[in-house]
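Encoded as structure tokens, the structure appears first; notes follow it.
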Amino acid sequence: MWSWVAHRVTGVLIFFFLLVHVLDTALVRVSPEAYNAVIGTYQTPIMGLGEAGLVAAIVFHAFNGLRIILVDFWAKGPKYQRVMLWVVLGLFAVTMAGFLPRHLMNVFGGGH
Amino acid sequence: MAYGTSAVAKVDAPRSPYVRRRTTRGNYELYSWVFMRASGVVLIVLIFGHLFVNLMVGEGVHAIDFGFVAGKWANPLWQVWDLLMLWLAMIHGTNGVRTIINDYAQKDLTRGVLKSLLYLAFVIVVVLGTLVIFTFDPCPVNAPEHLIASFCPAR
């Protein structure tokens with residue numbers, strides 16, 4: 001139940017970011033200055049935390065999506081759905097442990 | 001006739017053969033269900049690769065500017081990558097939000113308006129994104145030379 005809610009919430013969040021992200025990337029067609037000005041705001045600490053949240057949403061949605069596929073197509077999927085939720089959360093933790101230090105160092109680590 | 005003829009239910013002629021009534025409007029929802037799973041697997045590869053190259057390699061998000069985009073799209077692999085990611089993610093996301101609207105918007109009018117806005121956003125973003133990928137110019141004239149791609153003749 002809660003994984004279903006979380007899948008919907010993260011999905012909607014990612015979708016709205018996607019709309020904005022295509023629009024900001026489209027600025028490369030306006031001018032290098034326009035693109036660099038907007039992408040520059042993505043490199044501030046607050047947006048850096050937002051990106052961490054976005055990546056967390058994507059990673060959960062991705063791994064839980066694989067779990068949904070296994071529940072649907074694997075004969076033993078429904079039997080192991082609860083175990084697989086813990087596997088999803090474990091993989092989520094491992095992936096974020098690999099991503100967060102690197103990303104937060106890039107955002108806060110004194111470069112530029 | 002005792003009843004108004006216009007309100008009489010249609011009755012088949014005697015001895016006409018039994019015809020099974022179609023109870024669905026085709027297999028659209030089945031195809032949409034399959035598409036979500038198939039595109040989801042491909043999107044995991046595309047988006048994880050996108051995030052790794054743009055956020056993890058080198059200086060991560062700090063390295064992204066006009067020249068970074070120009071460098072990536074100079075390679076046809078990244079053009080195809082981004083085009084596929086754009087289309088699959090937009091169809092996957094639009095279909096997901098369509099499902100959510102169908103679930104929660106109970107009035108016909110509300111549902112219709114929300115889905116119209118959704119499909120409008122889909123068309124605008126997909127067309128715009130596709131045009132940007134195919135018409136991108138890494139060396140715009142009159143742009144300051146320190147901002148454009150390193151392989152431009154102006155530099």
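Note on naming: chains are A, B, ... as they come in the structure tokens, residues start from 1 per chain, ligands start from 1 in the order shown.
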
Using only C-alpha atoms, find the residues of chain A whose closest atom to chain B is at most 7 Å away, then write them as a PyMOL selection string.
chain A and resi 12+15+19+22+26+28-29+32+35-36+39+43+62+69+102-103+106

Helix (DSSP H, G or I) positions in chain A, given as a ChimeraX atom specification
/A:2-29,32-41,45-73,81-108

Choose the residue, out of B:Tyr18, B:Trp87, B:Trp81, B:Trp33, that has the smallest atom-to-atom separation from Val127 of chain B; count only C-alpha atoms.
B:Trp87

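Counting only C-alpha atoms, the residue from A:Val107, A:Leu23, A:Val30, A:Val87 that sits nearest to Phe60 of chain A is A:Val87.
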
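With atom CA of Leu54 of chain A on one side and atom CA of Ile14 of chain A on the other, the separation reads 7.0 Å.
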
So that I can see what lies close to Ala57 of chain A, please list as a PyMOL selection string the residues with an atom at most 9 Å from it, counting only C-alpha atoms and leaving out residues fewer than 6 positions away in the same chain.
chain A and resi 6-7+9-11+13-14

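Among the candidates A:Tyr42, A:Phe73, A:Phe108, A:Phe63, the residue lying nearest to Leu89 of chain A is A:Phe63 (atoms considered: only C-alpha atoms).
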
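What separates atom CA of Lys79 of chain A from atom CA of Asp103 of chain B is a distance of 26.8 Å.
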